[in-house]
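S.K.: Got a structure for you, questions after.
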Amino acid sequence: MKIFFLDQSGKPGGAELCLIDIAKPYRSSSKVGLFADGTFRILLEQNDIPVEVLTTSAIQVRKESGLLQGLGSLGQLIPLIVKVTKTAFHYDLIYANTQKALVVGAIASFFSGRPLVYHLHDILSPEHFSSTNRRIAVISANRFASLVIANSQASKLAFIEAGGRAEITEVVYNGFDVKNHQTSELDIQGLRQGLKLEDKFIVGHFSRLAPWKGQHILIEALTKCPKNVEVILVGDALFGEEDYVESLHKQVVELGLEDRVKFLGFRSDIPRLMSACDLVAHTSTAAEPFGRVIVEAMLCGTPVVATASGGAMELVEAGVNGFLVTPGKVEELAIVINTCLKEPENIANLANNAQISASQRFDVTAINQQISLYINEKVLKSHPPTS
Ligand code: UDP
Ligand code: GLC
């Protein structure tokens, strides 16, 4: 099957990393079209997935944009829509992986007659998106998509609450290559030594630096933990959150934590780093649509604490395969860190349970089969491939 995947981002956020795994099985006959150039393009090329950057001018619509800004961007969108439509004629199906890709893909689907699949990686709630943005996404999906793949029950529910059609929506979790999450003890020791953290209790945070990802909560919680607890923050500002990055550095200095917090920037060796941590903390203050980092920590066998909201609650069962804390509650997070510090054997058991169950639930081959099944059932039966 020939699939024309569309994604607005040139940067590798979670939705983009997920797309790499979805596009891989189709790479001999499919293509990914991007609305911006960047390291995501390079990652696709490294995975032998054909990719084309479809435009070089940035689309000015943001999550909080209103109708006027949306209309103002039409001038930029028209040449892109024309290009996507022309390309779509050579494919059996358009697969939109982000919201701007949905809008462009919906119009291209209409003109090319090719069916549209929308992979919904977001929670379409007022907490995350303006009402204009939510309306445009829901109208485009309802009117043009044959299938909406939601990355969690939480994302599906928010879509339906925003007016999305339940009958076209299916939940498929992100898939992961389990064997990529195994790291040798020697490698872990070397990494801890390299970071000068051999004798420390390392709490790792793996996420782009953005206010709603809540790195500031973890930094504050560290003030309530003994001195041998240290934090590594892995990730960078991907979508213009430079002010937040500056505020995090300031917070660290103000709290006198310069020796206990390391900013490692964006890294490509996440499984190794996670395996070297004693605990992975997910601290999103708004509902997380899915939360790849939570599953990745589980697959690495590292205990994980996550905030109890959105998709994270479908991944973590408190006390069974991880810990849950209330979003934004510094005290609760500090209690979990201190408990983990005091009870290494209990948390090792918990992490072991998590590793076993996550390997079964999120295996990439099984997840890709689910996607292929839904495409066959919900899309291709009514739109058989032309080639
Ligand atoms: N990630 C990465 N390098 C970093 C920080 C994060 O490759 O320095 C990856 C991380 O392993 C995960 C993804 O970025 O796969 C983030 O996805 P998640 O679903 O947790 O959050 P998102 O950023 O998509 O909201
Ligand atoms: C989005 C969401 C994140 C999810 C990822 C993959 O980036 O913010 O929660 O894990 O997509 O579906």
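Here's how to read the names in the structure tokens: chain A, B, ... by the order shown, residue numbers from 1 in each chain, ligand numbers from 1 in the order shown.
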If the limit is 8 Å from any atom of ligand 1, counting only C-alpha atoms and all ligand atoms, which residues qualify? Return them as an MDAnalysis selection string.

M.R.: chainID A and resid 12:18 206:208 213 234:236 264:271 288:294 296

S.K.: Which residues, written as a PyMOL selection string, have at least one atom at most 9 Å from segment 9-11 of chain A, with only C-alpha atoms counted and residues fewer than 4 positions away on the same chain left out?

M.R.: chain A and resi 16+34-41+53+98+238-239

S.K.: Those same residues, written as a tab-separated table (two decimals), in the first residue's frame with N, CA and C atoms?

M.R.:
```
chain	number	residue	atom	x	y	z
A	16	GLU	N	6.35	12.67	16.13
A	16	GLU	CA	7.23	12.41	15.00
A	16	GLU	C	7.99	11.09	15.21
A	34	LEU	N	6.96	16.75	4.84
A	34	LEU	CA	7.08	17.61	6.02
A	34	LEU	C	6.80	19.06	5.64
A	35	PHE	N	6.28	19.83	6.62
A	35	PHE	CA	6.02	21.26	6.36
A	35	PHE	C	7.16	22.12	6.91
A	36	ALA	N	8.25	21.49	7.32
A	36	ALA	CA	9.42	22.23	7.80
A	36	ALA	C	10.61	21.29	7.74
A	37	ASP	N	11.79	21.88	7.57
A	37	ASP	CA	13.00	21.04	7.54
A	37	ASP	C	13.59	20.98	8.95
A	38	GLY	N	14.38	19.96	9.22
A	38	GLY	CA	15.03	19.86	10.53
A	38	GLY	C	15.53	18.46	10.79
A	39	THR	N	15.87	18.21	12.05
A	39	THR	CA	16.50	16.92	12.38
A	39	THR	C	15.54	15.73	12.22
A	40	PHE	N	14.23	16.00	12.21
A	40	PHE	CA	13.29	14.90	11.99
A	40	PHE	C	13.50	14.33	10.58
A	41	ARG	N	13.78	15.22	9.61
A	41	ARG	CA	14.05	14.75	8.24
A	41	ARG	C	15.26	13.81	8.25
A	53	VAL	N	10.66	17.62	2.04
A	53	VAL	CA	10.25	18.84	2.73
A	53	VAL	C	9.41	19.63	1.73
A	98	THR	N	-0.35	15.30	12.32
A	98	THR	CA	-0.42	16.47	13.22
A	98	THR	C	-1.61	17.32	12.76
A	238	LEU	N	11.79	22.68	22.00
A	238	LEU	CA	11.64	22.36	20.58
A	238	LEU	C	10.78	23.40	19.87
A	239	PHE	N	9.85	24.02	20.60
A	239	PHE	CA	8.88	24.88	19.93
A	239	PHE	C	8.87	26.30	20.50
```

S.K.: Between A:Gly240, A:Gly310, A:Gly75, A:Gly105, which is the closest to ligand 2 once you count only C-alpha atoms and all ligand atoms?

M.R.: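 Once distances to ligand 2 are computed over only C-alpha atoms and all ligand atoms, the minimum belongs to A:Gly310.
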
S.K.: Using only C-alpha atoms and all ligand atoms, find the one residue out of A:Asn174, A:Ser155, A:Asn47, A:Asn338 that sits nearest to ligand 2.

M.R.: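 Counting only C-alpha atoms and all ligand atoms, the residue closest to ligand 2 is A:Asn174.
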
S.K.: Skipping near chain neighbours, those fewer than 5 positions away, what residues fall within 8 Å of segment 134-139 of chain A using only C-alpha atoms, listed as a ChimeraX atom specification?

M.R.: /A:99,102-103,124-125,129,159,162-164

S.K.: Ranking A:Glu45, A:Glu220, A:Asp122, A:Glu198 by minimum distance to ligand 2 and counting only C-alpha atoms and all ligand atoms, which one comes first?

M.R.: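 Nearest candidate to ligand 2 out of A:Glu45, A:Glu220, A:Asp122, A:Glu198: A:Asp122.
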
S.K.: Under the rule that only C-alpha atoms and all ligand atoms are counted, which of A:Pro226, A:Gly194, A:Pro79, A:Gly311 is the nearest residue to ligand 2?

M.R.: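 Of A:Pro226, A:Gly194, A:Pro79, A:Gly311, the one nearest ligand 2 is A:Gly311, counting only C-alpha atoms and all ligand atoms.
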
S.K.: Would you pick out the contacts of His181 of chain A at 12 Å or less, using only C-alpha atoms, so that residues sharing its chain but fewer than 3 positions from it are not included, and give the list as a list in words?

M.R.: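 Counting only the stated atoms, we get Phe176, Asp177, Val178, Ser184, Asp269, Ile270, Pro271, Arg272, Leu273, Met274, Ser275, Ala276, Val293, Val295, Glu296, Ala297, Met298, Leu299, Cys300, Gly301, Thr302, Gln355, Ala358, Ser359 and Asp363 of chain A.
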
S.K.: Just the strand (DSSP E) stuff from segment 110-321 of chain A, please, per backbone DSSP, written as a ChimeraX atom specification.

M.R.: /A:116-120,145-150,169-171,201-206,229-234,261-265,279-281,304-307

S.K.: At a cut-off of 9 Å, using only C-alpha atoms, what residues contact Ala108 of chain A? Leave out same-chain residues fewer than 5 positions from it and give the result as a list in words.

M.R.: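 Answer for this query is Ile81, Val82, Lys83, Val84, Thr85, Lys86, Ala88, Ile94, Val103, Gly113 and Arg114 of chain A.
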
S.K.: Since we have the selection now, will you write its residues out, keeping N, CA, C and O atoms, as a PDB file, in the first residue's frame?

M.R.:
```pdb
ATOM      1  N   ILE A  81      -1.033  23.263  -0.223  1.00  0.00           N
ATOM      2  CA  ILE A  81      -2.187  22.388  -0.502  1.00  0.00           C
ATOM      3  C   ILE A  81      -2.124  21.879  -1.951  1.00  0.00           C
ATOM      4  O   ILE A  81      -2.368  20.696  -2.218  1.00  0.00           O
ATOM      5  N   VAL A  82      -1.745  22.757  -2.861  1.00  0.00           N
ATOM      6  CA  VAL A  82      -1.651  22.360  -4.274  1.00  0.00           C
ATOM      7  C   VAL A  82      -0.607  21.244  -4.421  1.00  0.00           C
ATOM      8  O   VAL A  82      -0.856  20.211  -5.053  1.00  0.00           O
ATOM      9  N   LYS A  83       0.524  21.440  -3.774  1.00  0.00           N
ATOM     10  CA  LYS A  83       1.608  20.444  -3.868  1.00  0.00           C
ATOM     11  C   LYS A  83       1.194  19.097  -3.264  1.00  0.00           C
ATOM     12  O   LYS A  83       1.420  18.035  -3.842  1.00  0.00           O
ATOM     13  N   VAL A  84       0.548  19.184  -2.100  1.00  0.00           N
ATOM     14  CA  VAL A  84       0.123  17.941  -1.426  1.00  0.00           C
ATOM     15  C   VAL A  84      -0.925  17.223  -2.284  1.00  0.00           C
ATOM     16  O   VAL A  84      -0.896  15.996  -2.437  1.00  0.00           O
ATOM     17  N   THR A  85      -1.850  17.997  -2.865  1.00  0.00           N
ATOM     18  CA  THR A  85      -2.900  17.384  -3.691  1.00  0.00           C
ATOM     19  C   THR A  85      -2.283  16.674  -4.892  1.00  0.00           C
ATOM     20  O   THR A  85      -2.613  15.512  -5.179  1.00  0.00           O
ATOM     21  N   LYS A  86      -1.368  17.361  -5.574  1.00  0.00           N
ATOM     22  CA  LYS A  86      -0.736  16.754  -6.767  1.00  0.00           C
ATOM     23  C   LYS A  86      -0.017  15.464  -6.390  1.00  0.00           C
ATOM     24  O   LYS A  86      -0.112  14.459  -7.088  1.00  0.00           O
ATOM     25  N   ALA A  88      -0.617  13.562  -3.801  1.00  0.00           N
ATOM     26  CA  ALA A  88      -1.550  12.546  -3.285  1.00  0.00           C
ATOM     27  C   ALA A  88      -2.081  11.636  -4.386  1.00  0.00           C
ATOM     28  O   ALA A  88      -2.374  10.461  -4.136  1.00  0.00           O
ATOM     29  N   ILE A  94      -3.867   9.268   2.370  1.00  0.00           N
ATOM     30  CA  ILE A  94      -3.137  10.352   3.051  1.00  0.00           C
ATOM     31  C   ILE A  94      -3.232  10.089   4.552  1.00  0.00           C
ATOM     32  O   ILE A  94      -4.320   9.829   5.073  1.00  0.00           O
ATOM     33  N   VAL A 103      -5.391  19.593   8.428  1.00  0.00           N
ATOM     34  CA  VAL A 103      -6.125  20.608   7.661  1.00  0.00           C
ATOM     35  C   VAL A 103      -5.701  20.548   6.187  1.00  0.00           C
ATOM     36  O   VAL A 103      -6.541  20.492   5.286  1.00  0.00           O
ATOM     37  N   GLY A 113      -9.433  12.891  -4.076  1.00  0.00           N
ATOM     38  CA  GLY A 113     -10.281  11.710  -3.932  1.00  0.00           C
ATOM     39  C   GLY A 113      -9.601  10.598  -3.142  1.00  0.00           C
ATOM     40  O   GLY A 113     -10.107   9.480  -3.076  1.00  0.00           O
ATOM     41  N   ARG A 114      -8.451  10.883  -2.527  1.00  0.00           N
ATOM     42  CA  ARG A 114      -7.765   9.864  -1.731  1.00  0.00           C
ATOM     43  C   ARG A 114      -8.284   9.913  -0.300  1.00  0.00           C
ATOM     44  O   ARG A 114      -8.517  11.003   0.246  1.00  0.00           O
TER      45      ARG A 114
END
```

S.K.: Just the alpha helix (DSSP H) stuff from segment 44-156 of chain A, please, per backbone DSSP, written as a tab-separated table (two decimals) with N, CA and C atoms, in the first residue's frame.

M.R.:
```
chain	number	residue	atom	x	y	z
A	44	LEU	N	14.39	10.41	9.61
A	44	LEU	CA	13.64	9.60	8.63
A	44	LEU	C	14.60	9.01	7.61
A	45	GLU	N	15.54	9.84	7.14
A	45	GLU	CA	16.51	9.36	6.15
A	45	GLU	C	17.37	8.24	6.73
A	46	GLN	N	17.76	8.41	8.00
A	46	GLN	CA	18.57	7.36	8.64
A	46	GLN	C	17.81	6.03	8.72
A	67	LEU	N	-9.20	32.71	14.90
A	67	LEU	CA	-9.64	32.58	13.51
A	67	LEU	C	-8.86	33.50	12.57
A	68	LEU	N	-8.60	34.76	13.02
A	68	LEU	CA	-7.94	35.73	12.15
A	68	LEU	C	-6.54	35.28	11.75
A	69	GLN	N	-5.79	34.80	12.78
A	69	GLN	CA	-4.44	34.30	12.47
A	69	GLN	C	-4.51	33.11	11.52
A	70	GLY	N	-5.53	32.28	11.74
A	70	GLY	CA	-5.71	31.10	10.88
A	70	GLY	C	-5.95	31.53	9.44
A	71	LEU	N	-6.84	32.51	9.27
A	71	LEU	CA	-7.16	32.97	7.91
A	71	LEU	C	-5.93	33.64	7.29
A	72	GLY	N	-5.18	34.38	8.13
A	72	GLY	CA	-3.99	35.09	7.65
A	72	GLY	C	-2.95	34.13	7.07
A	74	LEU	N	-3.59	31.59	5.25
A	74	LEU	CA	-4.08	30.91	4.04
A	74	LEU	C	-3.15	31.11	2.84
A	75	GLY	N	-2.59	32.35	2.76
A	75	GLY	CA	-1.67	32.67	1.67
A	75	GLY	C	-0.52	31.68	1.60
A	76	GLN	N	-0.02	31.29	2.80
A	76	GLN	CA	1.10	30.34	2.83
A	76	GLN	C	0.62	28.93	2.52
A	77	LEU	N	-0.66	28.68	2.91
A	77	LEU	CA	-1.14	27.30	2.81
A	77	LEU	C	-1.48	26.88	1.39
A	78	ILE	N	-1.95	27.84	0.56
A	78	ILE	CA	-2.45	27.45	-0.76
A	78	ILE	C	-1.40	26.71	-1.61
A	79	PRO	N	-0.18	27.26	-1.77
A	79	PRO	CA	0.81	26.52	-2.57
A	79	PRO	C	1.10	25.12	-1.99
A	80	LEU	N	1.09	25.04	-0.64
A	80	LEU	CA	1.34	23.75	0.01
A	80	LEU	C	0.21	22.76	-0.31
A	81	ILE	N	-1.03	23.26	-0.22
A	81	ILE	CA	-2.19	22.39	-0.50
A	81	ILE	C	-2.12	21.88	-1.95
A	82	VAL	N	-1.75	22.76	-2.86
A	82	VAL	CA	-1.65	22.36	-4.27
A	82	VAL	C	-0.61	21.24	-4.42
A	83	LYS	N	0.52	21.44	-3.77
A	83	LYS	CA	1.61	20.44	-3.87
A	83	LYS	C	1.19	19.10	-3.26
A	84	VAL	N	0.55	19.18	-2.10
A	84	VAL	CA	0.12	17.94	-1.43
A	84	VAL	C	-0.93	17.22	-2.28
A	85	THR	N	-1.85	18.00	-2.87
A	85	THR	CA	-2.90	17.38	-3.69
A	85	THR	C	-2.28	16.67	-4.89
A	86	LYS	N	-1.37	17.36	-5.57
A	86	LYS	CA	-0.74	16.75	-6.77
A	86	LYS	C	-0.02	15.46	-6.39
A	87	THR	N	0.70	15.50	-5.26
A	87	THR	CA	1.45	14.32	-4.83
A	87	THR	C	0.50	13.19	-4.44
A	88	ALA	N	-0.62	13.56	-3.80
A	88	ALA	CA	-1.55	12.55	-3.28
A	88	ALA	C	-2.08	11.64	-4.39
A	99	GLN	N	-1.94	18.35	13.55
A	99	GLN	CA	-3.15	19.12	13.24
A	99	GLN	C	-3.07	19.93	11.95
A	100	LYS	N	-1.92	20.60	11.72
A	100	LYS	CA	-1.82	21.35	10.46
A	100	LYS	C	-1.80	20.39	9.28
A	101	ALA	N	-1.19	19.24	9.49
A	101	ALA	CA	-1.18	18.21	8.44
A	101	ALA	C	-2.61	17.74	8.17
A	102	LEU	N	-3.43	17.72	9.22
A	102	LEU	CA	-4.83	17.31	9.05
A	102	LEU	C	-5.57	18.30	8.14
A	103	VAL	N	-5.39	19.59	8.43
A	103	VAL	CA	-6.13	20.61	7.66
A	103	VAL	C	-5.70	20.55	6.19
A	104	VAL	N	-4.39	20.51	5.96
A	104	VAL	CA	-3.89	20.45	4.57
A	104	VAL	C	-4.31	19.12	3.93
A	105	GLY	N	-4.15	18.04	4.69
A	105	GLY	CA	-4.49	16.70	4.18
A	105	GLY	C	-5.97	16.58	3.87
A	106	ALA	N	-6.82	17.23	4.65
A	106	ALA	CA	-8.26	17.15	4.44
A	106	ALA	C	-8.63	17.78	3.09
A	107	ILE	N	-8.06	18.93	2.82
A	107	ILE	CA	-8.39	19.61	1.55
A	107	ILE	C	-7.81	18.81	0.38
A	108	ALA	N	-6.60	18.30	0.56
A	108	ALA	CA	-5.98	17.50	-0.50
A	108	ALA	C	-6.77	16.21	-0.74
A	109	SER	N	-7.31	15.66	0.33
A	109	SER	CA	-8.11	14.44	0.21
A	109	SER	C	-9.37	14.73	-0.62
A	110	PHE	N	-9.97	15.89	-0.36
A	110	PHE	CA	-11.18	16.29	-1.10
A	110	PHE	C	-10.88	16.41	-2.60
A	111	PHE	N	-9.77	17.10	-2.94
A	111	PHE	CA	-9.48	17.33	-4.37
A	111	PHE	C	-8.90	16.10	-5.08
A	112	SER	N	-8.19	15.26	-4.34
A	112	SER	CA	-7.55	14.11	-4.99
A	112	SER	C	-8.42	12.86	-4.94
A	131	SER	N	-10.34	27.54	21.16
A	131	SER	CA	-11.58	26.93	20.67
A	131	SER	C	-11.57	26.90	19.14
A	132	THR	N	-10.95	27.90	18.50
A	132	THR	CA	-10.88	27.90	17.03
A	132	THR	C	-10.09	26.68	16.55
A	133	ASN	N	-8.96	26.47	17.19
A	133	ASN	CA	-8.12	25.33	16.82
A	133	ASN	C	-8.86	24.01	16.96
A	134	ARG	N	-9.58	23.88	18.08
A	134	ARG	CA	-10.31	22.63	18.33
A	134	ARG	C	-11.39	22.43	17.28
A	135	ARG	N	-12.08	23.55	16.97
A	135	ARG	CA	-13.18	23.45	16.01
A	135	ARG	C	-12.66	23.05	14.63
A	136	ILE	N	-11.56	23.68	14.22
A	136	ILE	CA	-11.01	23.37	12.89
A	136	ILE	C	-10.59	21.90	12.82
A	137	ALA	N	-9.95	21.42	13.88
A	137	ALA	CA	-9.50	20.01	13.88
A	137	ALA	C	-10.70	19.07	13.81
A	138	VAL	N	-11.72	19.35	14.61
A	138	VAL	CA	-12.87	18.45	14.66
A	138	VAL	C	-13.65	18.47	13.34
A	139	ILE	N	-13.85	19.68	12.79
A	139	ILE	CA	-14.59	19.77	11.52
A	139	ILE	C	-13.81	19.04	10.41
A	140	SER	N	-12.50	19.28	10.34
A	140	SER	CA	-11.69	18.64	9.28
A	140	SER	C	-11.76	17.11	9.41
A	141	ALA	N	-11.61	16.63	10.66
A	141	ALA	CA	-11.61	15.17	10.86
A	141	ALA	C	-13.00	14.59	10.57
A	142	ASN	N	-14.04	15.22	11.12
A	142	ASN	CA	-15.40	14.69	10.94
A	142	ASN	C	-15.80	14.64	9.47
A	143	ARG	N	-15.44	15.69	8.76
A	143	ARG	CA	-15.92	15.82	7.38
A	143	ARG	C	-15.08	14.97	6.41
A	144	PHE	N	-13.75	14.87	6.66
A	144	PHE	CA	-12.90	14.29	5.63
A	144	PHE	C	-12.21	12.97	6.01
A	153	GLN	N	-7.10	6.58	25.22
A	153	GLN	CA	-8.53	6.76	25.49
A	153	GLN	C	-8.79	8.21	25.84
A	154	ALA	N	-7.85	8.83	26.56
A	154	ALA	CA	-8.01	10.22	26.98
A	154	ALA	C	-8.11	11.14	25.76
A	155	SER	N	-7.26	10.90	24.75
A	155	SER	CA	-7.31	11.73	23.53
A	155	SER	C	-8.61	11.48	22.78
A	156	LYS	N	-9.03	10.21	22.75
A	156	LYS	CA	-10.28	9.88	22.06
A	156	LYS	C	-11.47	10.59	22.73
```
